[in-house]
Protein chains: 2
Amino acid sequence: MSALSDRQETILALIVREYNESAEPVGSKTLVDQYNLNVSSATIRNEMVILTEEGLLGQPYTSAGRVPTMEGYRYFVRKLLGETELPTAEKRMISHQFHQAPAEVEEWVRLSASILAQHSQVASLVTSPRPDRAIFKHLELIATQGRQVLMVLVLQGGEVRQQMLTLAESVQQEQLAMIANEINQCCSGKMSESIESMTEEFTDLAQDVTRLCGEMMARADAFWTGEIYRDGLTNVLAQPEFADASSARQALRVLEERSLLEEVLANVLTPNVGGVQVVIGGEGGWEELKDCSMVITRYGAPGFATGAMGVLGPTRMAYGRTISAVRYVAGLLSDLVIESFAG
Amino acid sequence: MSALSDRQETILALIVREYNESAEPVGSKTLVDQYNLNVSSATIRNEMVILTEEGLLGQPYTSAGRVPTMEGYRYFVRKLLGETELPTAEKRMISHQFHQAPAEVEEWVRLSASILAQHSQVASLVTSPRPDRAIFKHLELIATQGRQVLMVLVLQGGEVRQQMLTLAESVQQEQLAMIANEINQCCSGKMSESIESMTEEFTDLAQDVTRLCGEMMARADAFWTGEIYRDGLTNVLAQPEFADASSARQALRVLEERSLLEEVLANVLTPNVGGVQVVIGGEGGWEELKDCSMVITRYGAPGFATGAMGVLGPTRMAYGRTISAVRYVAGLLSDLVIESFAG
DNA sequence: TTTTAGCACTCTCGCAACGAGAGTGCTAAT
DNA sequence: ATTAGCACTCTCGTTGCGAGAGTGCTAAAA
C-alpha cells in the first residue's frame with residue numbers, strides 16, 4: 001500500500017466522520033457542501049478512486065456513495081485519530097456517579113457497565129476483577145443447626161468464598177473457633193499448593209478443613225465464576241445496521257454467551273500490551289462479529305486482580321469518544337480496585 | 001360474555017395451537033385439513049364469527065385468517081389449558097444439570113436462568129433470593145495493613161456482606177477478635193432495629209462497629225442489591241414478531257432496565273397467591289409489554305428468602321410447556337434454597 | 001501536471017398497476 | 001344445523017417506470 005497524501009487522509013477522515021453521523025454512503029458532492037473544501041467535487045471523486053483502489057473505501061453498489069471499509073477504519077483509528085480526551089464536564093459527572101455509589105467492588109463494576117453504555121451509546125461489558133492468584137487471608141467456621149458448618153474463606157483482596165460442610169458429628173462453636181484459629185496462624189498469605197501440601201501437619205477435622213480450603217482456592221484459580229455485567233444492549237438495536245433481527249442476533253449472541261465472550265476477551269487481551277485496544281470488524285477470525293467493533297481494555301491492579309471492560313457496537317462507531325470513555329472509566333475503576341486490594 | 005360451546009372451545013384451542021406453530025393467521029380450511037374435523041370449513045367459519053364477536057379472535061385485516069386476541073389467550077390459558085407436566089426425560093435432564101453444579105446459591109440461580117431459556121426458547125430471568133429480613137448470624141473483624149479493617153457480616157441463610165472500615169488508630173488482631181466475639185454474643189439472631197437500639201451497651205470501637213452492623217442490615221432490608229440473571233435474550237429475537245428492531249427494543253428494554261423489571265415483578269407478585277402466574281399482553285397497563293407475555297412465579301423459602309423467576313416472550317408462546325418448565329425449575333431451586341437456609 | 005466543468009451512464013428507491021391466491025361472509029339448498 | 005357455492009376483499013409478489021443521486025470519463029482550463 002503506497003502512502004496516502006495529506007488530502008487523501010483528510011478525505012478519508014471526513015468520510016468516516018460523515019458516515020458515522022448519517023449512516024448512509026457519502027458522496028463527493030455531500031462532502032464539498034458539508035465541509036467547505038476549496039476544491040470541486042470532481043477532484044474529490046478522483047481521490048476517492050485512489051482510496052477505493054487502496055481498499056480503504058468501498059461502495060454498496062456501482063455509483064453509490066462511499067463507505068469506509070474495515071481497512072479504512074483501521075487506518076483511521078491508527079493514524080488519523082488523535083488522542084482525544086473526554087470533556088471535563090463529562091469526566092466530572094462520571095466521577096461523581098462513582099463516588100456516591102456504595103463502597104463495594106461488585107457495585108462499582110456494575111456501575112461501570114452502566115456508565116459506559118450511557119456515554120458510548122453502544123453495548124458495554126465489564127467483568128468482575130479476577131484475582132491473579134488466590135491468597136489465603138482468613139478462615140471462619142460457623143456452627144449452624146445440627147452437624148452443618150458454614151465455612152467462610154476470605155481471600156486477599158476481600159473476595160469471600162463460602163461453602164457448607166457436613167461433619168460426622170456435632171461440634172461446638174468454641175472448638176470450631178480454635179480450629180479456625182490454628183489454621184489461620186499457619187496459612188495466612190499462602191497459596192493453594194502450599195496449603196494443600198500442609199494438610200499433614202493437622203489432625204482430624206482441621207486436616208479436612210484445610211484440604212477443603214486448598215481445593216476451594218485451587219478452584220478459584222482455575223474456574224473463575226465472577227460475573228460479567230452487560231448494559232446498553234438496546235443501544236445497539238437502535239443502530240440502523242441492526243435493524244433486521246438476524247444481524248442483531250449475531251451480535252447479541254456474543255454478548256450473551258459467556259463462553260464465547262470469554263474466549264474473545266482472552267484472545268484479544270493476551271498480548272498484554274497496556275491501554276485500550278480496538279478490534280474492528282472482528283479481526284482475527286471472529287465470524288460472528290463481522291460488522292462489529294470492540295473497544296476493550298484491561299483494568300485493575302496488575303499482579304493482584306484484573307478484569308476486562310469495553311464496549312461492543314457497530315463498525316460505524318464514534319471511536320474517539322468511545323476510546324476516551326473506556327480509558328477514563330477503566331482508570332477510575334482501577335483506582336478503586338487497587339485501593340480495595342492494597343488497603 | 002355468553003358461554004362457549006364445546007366445539008367453539010375446541011376451535012379456539014386449535015387456532016391457538018396452530019398459530020403458535022406457524023406464526024401466521026390460520027384460516028378455516030387450514031384447520032379442517034390439518035386436524036381431521038368431521039365438519040366442513042363453512043361450519044368452522046360460522047363458529048369463527050361467533051368467537052370474533054366475543055372478542056377472542058381477531059383478524060389482521062378483512063378476510064385474512066384468524067389470530068387469537070389477548071382475551072383469547074387468557075381464555076385458553078385459564079379454561080382450556082390442562083395441567084401439563086414436563087416429560088420425565090426432560091425433568092431428569094434438568095435435575096441432572098442442577099446437581100452437578102457447584103454448591104453455591106448464586107451459581108444455581110444463574111443455572112436456573114440458563115435452563116429456563118433453553119427449555120422454553122424465550123428469554124428468562126431469575127432474581128437472587130432476597131432474605132425477607134436480615135438476621136444477624138456472625139461478625140468477623142480482620143486486620144489488614146495500616147488502620148484498615150475488613151468487616152465481614154454473615155447473615156442468616158449464609159448471605160455475606162463486607163465493608164472496609166478505617167479506624168482512628170491501629171488495633172491488633174487479637175483485640176479485634178475480642179470485640180467481634182463480644183458483639184457476636186449479644187447480637188446473634190437479632191434484626192436491624194434491635195441491634196441499632198443496642199449500641200449504647202458497648203463502648204468505643206465496639207459501639208461504632210455495632211452501629212455499622214445495624215446500618216448494613218437495614219440497608220440489606222431496604223435496598224436489595226441481589227443480581228438479576230437473564231438468559232436467552234437472543235431467543236426472542238428469533239421470533240418473527242420481533243423481526244423489526246423497534247419492537248424488539250421495547251421488549252429487551254424491560255429486561256435490561258433493572259428498575260423497570262423490579263417494578264413489573266413487584267406488581268405482579270404482590271397478590272401473594274402461590275403458583276405460576278401468566279401475564280398476557282402486558283395486562284395491567286404495561287405499555288412496553290403490549291405483545292409480550294410473562295410466565296412468572298416466586299420461589300424460595302417463604303418467611304426466609306424468596307426470589308422471582310420466569311420467562312418473557314411473545315404472546316404467541318407455548319404456555320403449556322413453559323408453565324410446567326417454570327414450575328419445575330422453581331421447585332428445584334426452592335429445594336436448594338430451603339436446604340441452604342435451613343441447614 | 002493538476003483541477004474542473006460537463007455529460008452520459010448506472011443503480012437504487014418509491015410508486016402505481018396488476019394478477020394470483022387465500023380467506024371470508026352470505027345465501028340458498030340439503 | 002350444516003354445507004356447497006360464489007362474489008367480494010385484502011395482501012403480496014412482480015413488473016414497469018421515472019426521479020434522483022452519484023459515479024467515471026473526457027476534454028478543456030489553470
# chains A, B, ... in the order shown; residues from 1 in each chain; ligands from 1
>>> select_by_dssp(residues="segment 12-163 of chain B", states="helix (DSSP H, G or I)", output="ChimeraX atom specification")
/B:12-22,28-34,41-53,70-80,88-99,105-120
>>> interface_residues(of="chain D", to="chain A", cutoff="10 Å", atoms="only C-alpha atoms (C1' of nucleotides)", output="JSON, numbers by chain")
{"D": [21, 22, 23, 24]}
>>> atom_distance(atom1="atom CA of Leu155 of chain B", atom2="atom CA of Glu215 of chain B")
13.3 Å
>>> residues_around(residues="Glu18 of chain B", least_positions_apart="5", cutoff="12 Å", atoms="only C-alpha atoms (C1' of nucleotides)", output="PyMOL selection string")
chain B and resi 11-13+23-28+30-35+65-68+316-318
>>> write_last_selection(atoms="N, CA and C atoms", output="PDB file, in the first residue's frame")
ATOM      1  N   ILE B  11     -62.303 -25.267  18.784  1.00  0.00           N
ATOM      2  CA  ILE B  11     -61.773 -24.470  17.681  1.00  0.00           C
ATOM      3  C   ILE B  11     -60.780 -23.433  18.193  1.00  0.00           C
ATOM      4  N   LEU B  12     -61.123 -22.769  19.285  1.00  0.00           N
ATOM      5  CA  LEU B  12     -60.208 -21.783  19.861  1.00  0.00           C
ATOM      6  C   LEU B  12     -58.873 -22.436  20.194  1.00  0.00           C
ATOM      7  N   ALA B  13     -58.953 -23.573  20.844  1.00  0.00           N
ATOM      8  CA  ALA B  13     -57.726 -24.261  21.239  1.00  0.00           C
ATOM      9  C   ALA B  13     -56.889 -24.631  20.028  1.00  0.00           C
ATOM     10  N   ALA B  23     -47.109 -19.144  13.293  1.00  0.00           N
ATOM     11  CA  ALA B  23     -46.948 -17.697  13.430  1.00  0.00           C
ATOM     12  C   ALA B  23     -47.677 -16.938  12.327  1.00  0.00           C
ATOM     13  N   GLU B  24     -48.635 -17.600  11.694  1.00  0.00           N
ATOM     14  CA  GLU B  24     -49.410 -16.906  10.671  1.00  0.00           C
ATOM     15  C   GLU B  24     -50.900 -17.094  10.920  1.00  0.00           C
ATOM     16  N   PRO B  25     -51.689 -16.127  10.495  1.00  0.00           N
ATOM     17  CA  PRO B  25     -53.142 -16.223  10.691  1.00  0.00           C
ATOM     18  C   PRO B  25     -53.652 -17.544  10.158  1.00  0.00           C
ATOM     19  N   VAL B  26     -54.535 -18.194  10.910  1.00  0.00           N
ATOM     20  CA  VAL B  26     -54.982 -19.516  10.488  1.00  0.00           C
ATOM     21  C   VAL B  26     -56.418 -19.433   9.971  1.00  0.00           C
ATOM     22  N   GLY B  27     -56.625 -20.023   8.795  1.00  0.00           N
ATOM     23  CA  GLY B  27     -57.921 -19.966   8.128  1.00  0.00           C
ATOM     24  C   GLY B  27     -58.740 -21.215   8.368  1.00  0.00           C
ATOM     25  N   SER B  28     -59.988 -21.146   7.970  1.00  0.00           N
ATOM     26  CA  SER B  28     -60.907 -22.252   8.256  1.00  0.00           C
ATOM     27  C   SER B  28     -60.486 -23.519   7.505  1.00  0.00           C
ATOM     28  N   THR B  30     -57.437 -24.431   6.434  1.00  0.00           N
ATOM     29  CA  THR B  30     -56.244 -24.986   7.068  1.00  0.00           C
ATOM     30  C   THR B  30     -56.627 -25.866   8.247  1.00  0.00           C
ATOM     31  N   LEU B  31     -57.571 -25.365   9.028  1.00  0.00           N
ATOM     32  CA  LEU B  31     -57.965 -26.053  10.250  1.00  0.00           C
ATOM     33  C   LEU B  31     -58.553 -27.434   9.948  1.00  0.00           C
ATOM     34  N   VAL B  32     -59.488 -27.488   8.997  1.00  0.00           N
ATOM     35  CA  VAL B  32     -60.105 -28.790   8.723  1.00  0.00           C
ATOM     36  C   VAL B  32     -59.124 -29.736   8.037  1.00  0.00           C
ATOM     37  N   ASP B  33     -58.194 -29.181   7.258  1.00  0.00           N
ATOM     38  CA  ASP B  33     -57.198 -30.033   6.609  1.00  0.00           C
ATOM     39  C   ASP B  33     -56.240 -30.624   7.630  1.00  0.00           C
ATOM     40  N   GLN B  34     -55.723 -29.755   8.470  1.00  0.00           N
ATOM     41  CA  GLN B  34     -54.671 -30.135   9.408  1.00  0.00           C
ATOM     42  C   GLN B  34     -55.173 -31.175  10.419  1.00  0.00           C
ATOM     43  N   TYR B  35     -56.203 -30.821  11.122  1.00  0.00           N
ATOM     44  CA  TYR B  35     -56.797 -31.732  12.101  1.00  0.00           C
ATOM     45  C   TYR B  35     -58.059 -32.229  11.438  1.00  0.00           C
ATOM     46  N   GLY B  65     -56.865 -14.857   7.740  1.00  0.00           N
ATOM     47  CA  GLY B  65     -57.147 -15.876   8.740  1.00  0.00           C
ATOM     48  C   GLY B  65     -57.332 -15.249  10.115  1.00  0.00           C
ATOM     49  N   ARG B  66     -57.661 -16.080  11.099  1.00  0.00           N
ATOM     50  CA  ARG B  66     -57.890 -15.579  12.448  1.00  0.00           C
ATOM     51  C   ARG B  66     -56.659 -15.735  13.309  1.00  0.00           C
ATOM     52  N   VAL B  67     -56.554 -14.824  14.275  1.00  0.00           N
ATOM     53  CA  VAL B  67     -55.449 -14.815  15.223  1.00  0.00           C
ATOM     54  C   VAL B  67     -56.053 -14.667  16.615  1.00  0.00           C
ATOM     55  N   PRO B  68     -55.555 -15.385  17.609  1.00  0.00           N
ATOM     56  CA  PRO B  68     -56.102 -15.219  18.961  1.00  0.00           C
ATOM     57  C   PRO B  68     -55.813 -13.807  19.473  1.00  0.00           C
ATOM     58  N   ARG B 316     -47.560 -15.082  21.560  1.00  0.00           N
ATOM     59  CA  ARG B 316     -47.619 -16.396  20.929  1.00  0.00           C
ATOM     60  C   ARG B 316     -46.541 -17.287  21.541  1.00  0.00           C
ATOM     61  N   MET B 317     -46.903 -17.964  22.567  1.00  0.00           N
ATOM     62  CA  MET B 317     -45.912 -18.711  23.348  1.00  0.00           C
ATOM     63  C   MET B 317     -46.477 -20.089  23.655  1.00  0.00           C
ATOM     64  N   ALA B 318     -45.615 -21.056  23.839  1.00  0.00           N
ATOM     65  CA  ALA B 318     -46.082 -22.399  24.196  1.00  0.00           C
ATOM     66  C   ALA B 318     -46.359 -22.426  25.691  1.00  0.00           C
TER      67      ALA B 318
END
>>> interface_residues(of="chain C", to="chain B", cutoff="8 Å", atoms="only C-alpha atoms (C1' of nucleotides)", output="short mmCIF file (atom, residue, chain, number, x, y, z; two decimals) with C-alpha atoms (C1' of nucleotides), in the first residue's frame")
data_model
loop_
_atom_site.label_atom_id
_atom_site.label_comp_id
_atom_site.auth_asym_id
_atom_site.auth_seq_id
_atom_site.Cartn_x
_atom_site.Cartn_y
_atom_site.Cartn_z
"C1'" DA C 22 -56.05 -17.09 0.24
"C1'" DG C 23 -59.88 -16.46 3.05
"C1'" DT C 24 -64.10 -14.55 4.33
#
>>> interface_residues(of="chain A", to="chain B", cutoff="7 Å", atoms="only C-alpha atoms", output="PDB file with N, CA and C atoms, in the first residue's frame")
ATOM      1  N   GLN A 145     -27.316 -25.229  62.784  1.00  0.00           N
ATOM      2  CA  GLN A 145     -28.036 -26.351  63.376  1.00  0.00           C
ATOM      3  C   GLN A 145     -27.420 -27.680  62.942  1.00  0.00           C
ATOM      4  N   GLN A 148     -24.118 -29.282  60.430  1.00  0.00           N
ATOM      5  CA  GLN A 148     -23.716 -28.421  59.319  1.00  0.00           C
ATOM      6  C   GLN A 148     -22.809 -27.300  59.827  1.00  0.00           C
ATOM      7  N   THR A 234     -29.853  -2.560  24.342  1.00  0.00           N
ATOM      8  CA  THR A 234     -30.853  -1.939  23.471  1.00  0.00           C
ATOM      9  C   THR A 234     -30.249  -0.821  22.626  1.00  0.00           C
ATOM     10  N   LEU A 237     -29.426  -2.155  19.280  1.00  0.00           N
ATOM     11  CA  LEU A 237     -30.610  -2.428  18.467  1.00  0.00           C
ATOM     12  C   LEU A 237     -31.115  -1.160  17.795  1.00  0.00           C
ATOM     13  N   ALA A 243     -31.040  -3.284  12.135  1.00  0.00           N
ATOM     14  CA  ALA A 243     -32.494  -3.167  12.027  1.00  0.00           C
ATOM     15  C   ALA A 243     -33.143  -4.535  11.841  1.00  0.00           C
ATOM     16  N   ASP A 244     -32.531  -5.376  11.041  1.00  0.00           N
ATOM     17  CA  ASP A 244     -33.118  -6.706  10.901  1.00  0.00           C
ATOM     18  C   ASP A 244     -32.567  -7.624  11.973  1.00  0.00           C
ATOM     19  N   ALA A 245     -33.451  -8.491  12.427  1.00  0.00           N
ATOM     20  CA  ALA A 245     -33.182  -9.251  13.633  1.00  0.00           C
ATOM     21  C   ALA A 245     -31.981 -10.177  13.505  1.00  0.00           C
ATOM     22  N   ARG A 249     -29.089 -10.524  16.209  1.00  0.00           N
ATOM     23  CA  ARG A 249     -28.899 -11.745  16.991  1.00  0.00           C
ATOM     24  C   ARG A 249     -27.434 -12.115  17.087  1.00  0.00           C
ATOM     25  N   LEU A 252     -25.699  -9.961  19.590  1.00  0.00           N
ATOM     26  CA  LEU A 252     -26.132 -10.200  20.965  1.00  0.00           C
ATOM     27  C   LEU A 252     -25.707 -11.580  21.460  1.00  0.00           C
ATOM     28  N   ARG A 253     -25.634 -12.521  20.531  1.00  0.00           N
ATOM     29  CA  ARG A 253     -25.219 -13.863  20.933  1.00  0.00           C
ATOM     30  C   ARG A 253     -23.830 -13.837  21.572  1.00  0.00           C
ATOM     31  N   GLY A 343      -5.505  -1.707  50.379  1.00  0.00           N
ATOM     32  CA  GLY A 343      -5.924  -1.201  51.695  1.00  0.00           C
ATOM     33  C   GLY A 343      -6.145  -2.322  52.689  1.00  0.00           C
TER      34      GLY A 343
END
>>> select_by_dssp(residues="segment 99-270 of chain A", states="strand (DSSP E or B)", output="PyMOL selection string")
chain A and resi 123-127+130-131+136-143+148-155+160-166+228-231+244
>>> write_last_selection(atoms="N, CA and C atoms", output="compact mmCIF listing (two decimals), in the first residue's frame")
# COMPACT_ATOMS: atom_id res chain seq x y z
N ALA A 123 -23.33 -1.11 23.32
CA ALA A 123 -23.41 -2.10 24.39
C ALA A 123 -22.08 -2.18 25.14
N SER A 124 -22.15 -2.33 26.43
CA SER A 124 -20.92 -2.38 27.22
C SER A 124 -20.82 -3.70 27.95
N LEU A 125 -19.61 -4.06 28.33
CA LEU A 125 -19.43 -5.24 29.16
C LEU A 125 -18.25 -5.03 30.09
N VAL A 126 -18.40 -5.46 31.30
CA VAL A 126 -17.35 -5.34 32.29
C VAL A 126 -17.33 -6.61 33.11
N THR A 127 -16.17 -7.24 33.22
CA THR A 127 -16.08 -8.43 34.06
C THR A 127 -15.65 -8.02 35.46
N ARG A 130 -10.65 -10.33 38.45
CA ARG A 130 -10.30 -11.71 38.80
C ARG A 130 -8.93 -11.71 39.44
N PRO A 131 -8.87 -12.21 40.67
CA PRO A 131 -7.56 -12.26 41.33
C PRO A 131 -6.61 -13.13 40.52
N PHE A 136 -4.55 -16.91 50.62
CA PHE A 136 -5.29 -17.12 51.86
C PHE A 136 -5.17 -15.91 52.77
N LYS A 137 -6.31 -15.51 53.32
CA LYS A 137 -6.24 -14.41 54.27
C LYS A 137 -6.84 -14.81 55.61
N HIS A 138 -8.02 -15.40 55.54
CA HIS A 138 -8.70 -15.67 56.79
C HIS A 138 -9.75 -16.75 56.60
N LEU A 139 -9.89 -17.58 57.61
CA LEU A 139 -10.91 -18.63 57.55
C LEU A 139 -11.82 -18.51 58.76
N GLU A 140 -13.08 -18.75 58.55
CA GLU A 140 -14.02 -18.69 59.65
C GLU A 140 -14.93 -19.91 59.59
N LEU A 141 -15.15 -20.54 60.74
CA LEU A 141 -16.06 -21.68 60.80
C LEU A 141 -17.23 -21.31 61.70
N ILE A 142 -18.43 -21.46 61.18
CA ILE A 142 -19.60 -21.04 61.93
C ILE A 142 -20.56 -22.20 62.09
N ALA A 143 -20.85 -22.53 63.33
CA ALA A 143 -21.76 -23.64 63.59
C ALA A 143 -23.18 -23.23 63.28
N GLN A 148 -24.12 -29.28 60.43
CA GLN A 148 -23.72 -28.42 59.32
C GLN A 148 -22.81 -27.30 59.83
N VAL A 149 -21.77 -27.02 59.06
CA VAL A 149 -20.88 -25.92 59.40
C VAL A 149 -20.72 -25.03 58.17
N LEU A 150 -20.84 -23.73 58.38
CA LEU A 150 -20.62 -22.80 57.28
C LEU A 150 -19.16 -22.38 57.29
N MET A 151 -18.50 -22.64 56.17
CA MET A 151 -17.09 -22.31 56.04
C MET A 151 -17.00 -21.03 55.22
N VAL A 152 -16.40 -19.99 55.80
CA VAL A 152 -16.23 -18.75 55.06
C VAL A 152 -14.75 -18.50 54.86
N LEU A 153 -14.33 -18.45 53.62
CA LEU A 153 -12.92 -18.27 53.32
C LEU A 153 -12.72 -16.90 52.69
N VAL A 154 -11.92 -16.06 53.36
CA VAL A 154 -11.66 -14.72 52.84
C VAL A 154 -10.31 -14.72 52.15
N LEU A 155 -10.29 -14.27 50.92
CA LEU A 155 -9.04 -14.22 50.17
C LEU A 155 -8.47 -12.82 50.18
N VAL A 160 -14.72 -13.23 49.01
CA VAL A 160 -15.19 -14.17 50.00
C VAL A 160 -15.77 -15.40 49.32
N ARG A 161 -15.37 -16.55 49.76
CA ARG A 161 -15.94 -17.81 49.26
C ARG A 161 -16.54 -18.55 50.44
N GLN A 162 -17.67 -19.15 50.21
CA GLN A 162 -18.30 -19.87 51.31
C GLN A 162 -18.74 -21.25 50.86
N GLN A 163 -18.81 -22.14 51.81
CA GLN A 163 -19.24 -23.48 51.49
C GLN A 163 -19.82 -24.15 52.72
N MET A 164 -20.87 -24.94 52.51
CA MET A 164 -21.43 -25.69 53.63
C MET A 164 -20.62 -26.97 53.78
N LEU A 165 -20.56 -27.43 55.01
CA LEU A 165 -19.74 -28.60 55.31
C LEU A 165 -20.54 -29.44 56.30
N THR A 166 -20.68 -30.72 55.99
CA THR A 166 -21.42 -31.59 56.92
C THR A 166 -20.44 -32.48 57.67
N ILE A 228 -20.14 -11.28 34.70
CA ILE A 228 -19.91 -10.37 33.57
C ILE A 228 -21.12 -9.46 33.48
N TYR A 229 -20.89 -8.19 33.70
CA TYR A 229 -22.02 -7.26 33.64
C TYR A 229 -22.11 -6.67 32.25
N ARG A 230 -23.34 -6.64 31.76
CA ARG A 230 -23.57 -6.06 30.43
C ARG A 230 -24.58 -4.95 30.58
N ASP A 231 -24.51 -4.00 29.69
CA ASP A 231 -25.52 -2.95 29.71
C ASP A 231 -25.63 -2.35 28.31
N ASP A 244 -32.53 -5.38 11.04
CA ASP A 244 -33.12 -6.71 10.90
C ASP A 244 -32.57 -7.62 11.97
>>> residues_around(residues="DT26 of chain D", least_positions_apart="2", cutoff="12 Å", atoms="only C-alpha atoms (C1' of nucleotides)", output="list in words")
DT4, DA5, DG6, DC7 and DA8 of chain C; DG24 and DA28 of chain D
>>> residues_around(residues="segment 15-20 of chain D", least_positions_apart="6", cutoff="10 Å", atoms="only C-alpha atoms (C1' of nucleotides)", output="list in words")
DT12, DC13, DG14, DC15, DA16, DA17 and DC18 of chain C
>>> atom_distance(atom1="atom CA of Arg133 of chain B", atom2="atom CA of Ser259 of chain B")
21.1 Å
>>> residues_around(residues="segment 188-196 of chain A", least_positions_apart="3", cutoff="10 Å", atoms="only C-alpha atoms (C1' of nucleotides)", output="list in words")
Arg133, Ala134, Ile135, Phe136, Lys137, His138, Leu139, Leu155, Gln156, Ile183, Asn184, Gln185, Thr199, Glu200, Gln207, Thr210, Arg211, Leu212, Cys213, Gly214, Glu215, Met216, Met217, Ala218, Arg219, Ala220 and Asp221 of chain A
>>> write_last_selection(atoms="C-alpha atoms", output="PDB file, in the first residue's frame")
ATOM      1  CA  ARG A 133      -3.734 -15.906  42.290  1.00  0.00           C
ATOM      2  CA  ALA A 134      -5.888 -16.740  45.266  1.00  0.00           C
ATOM      3  CA  ILE A 135      -4.061 -15.920  48.502  1.00  0.00           C
ATOM      4  CA  PHE A 136      -5.291 -17.115  51.860  1.00  0.00           C
ATOM      5  CA  LYS A 137      -6.238 -14.409  54.269  1.00  0.00           C
ATOM      6  CA  HIS A 138      -8.695 -15.670  56.793  1.00  0.00           C
ATOM      7  CA  LEU A 139     -10.909 -18.625  57.554  1.00  0.00           C
ATOM      8  CA  LEU A 155      -9.042 -14.222  50.167  1.00  0.00           C
ATOM      9  CA  GLN A 156      -6.518 -11.455  49.747  1.00  0.00           C
ATOM     10  CA  ILE A 183      -5.396 -22.838  60.549  1.00  0.00           C
ATOM     11  CA  ASN A 184      -5.303 -19.065  60.260  1.00  0.00           C
ATOM     12  CA  GLN A 185      -1.958 -18.987  62.020  1.00  0.00           C
ATOM     13  CA  THR A 199      -2.521 -30.809  55.414  1.00  0.00           C
ATOM     14  CA  GLU A 200      -0.439 -33.424  57.197  1.00  0.00           C
ATOM     15  CA  GLN A 207      -6.974 -31.632  58.239  1.00  0.00           C
ATOM     16  CA  THR A 210      -7.506 -27.336  55.372  1.00  0.00           C
ATOM     17  CA  ARG A 211      -7.713 -29.639  52.429  1.00  0.00           C
ATOM     18  CA  LEU A 212     -11.064 -28.165  51.552  1.00  0.00           C
ATOM     19  CA  CYS A 213      -9.548 -24.685  51.730  1.00  0.00           C
ATOM     20  CA  GLY A 214      -6.853 -25.699  49.327  1.00  0.00           C
ATOM     21  CA  GLU A 215      -9.398 -27.114  46.949  1.00  0.00           C
ATOM     22  CA  MET A 216     -11.525 -24.012  47.077  1.00  0.00           C
ATOM     23  CA  MET A 217      -8.535 -21.843  46.325  1.00  0.00           C
ATOM     24  CA  ALA A 218      -7.395 -24.081  43.507  1.00  0.00           C
ATOM     25  CA  ARG A 219     -10.864 -23.857  42.052  1.00  0.00           C
ATOM     26  CA  ALA A 220     -10.790 -20.107  42.432  1.00  0.00           C
ATOM     27  CA  ASP A 221      -7.580 -20.121  40.399  1.00  0.00           C
TER      28      ASP A 221
END
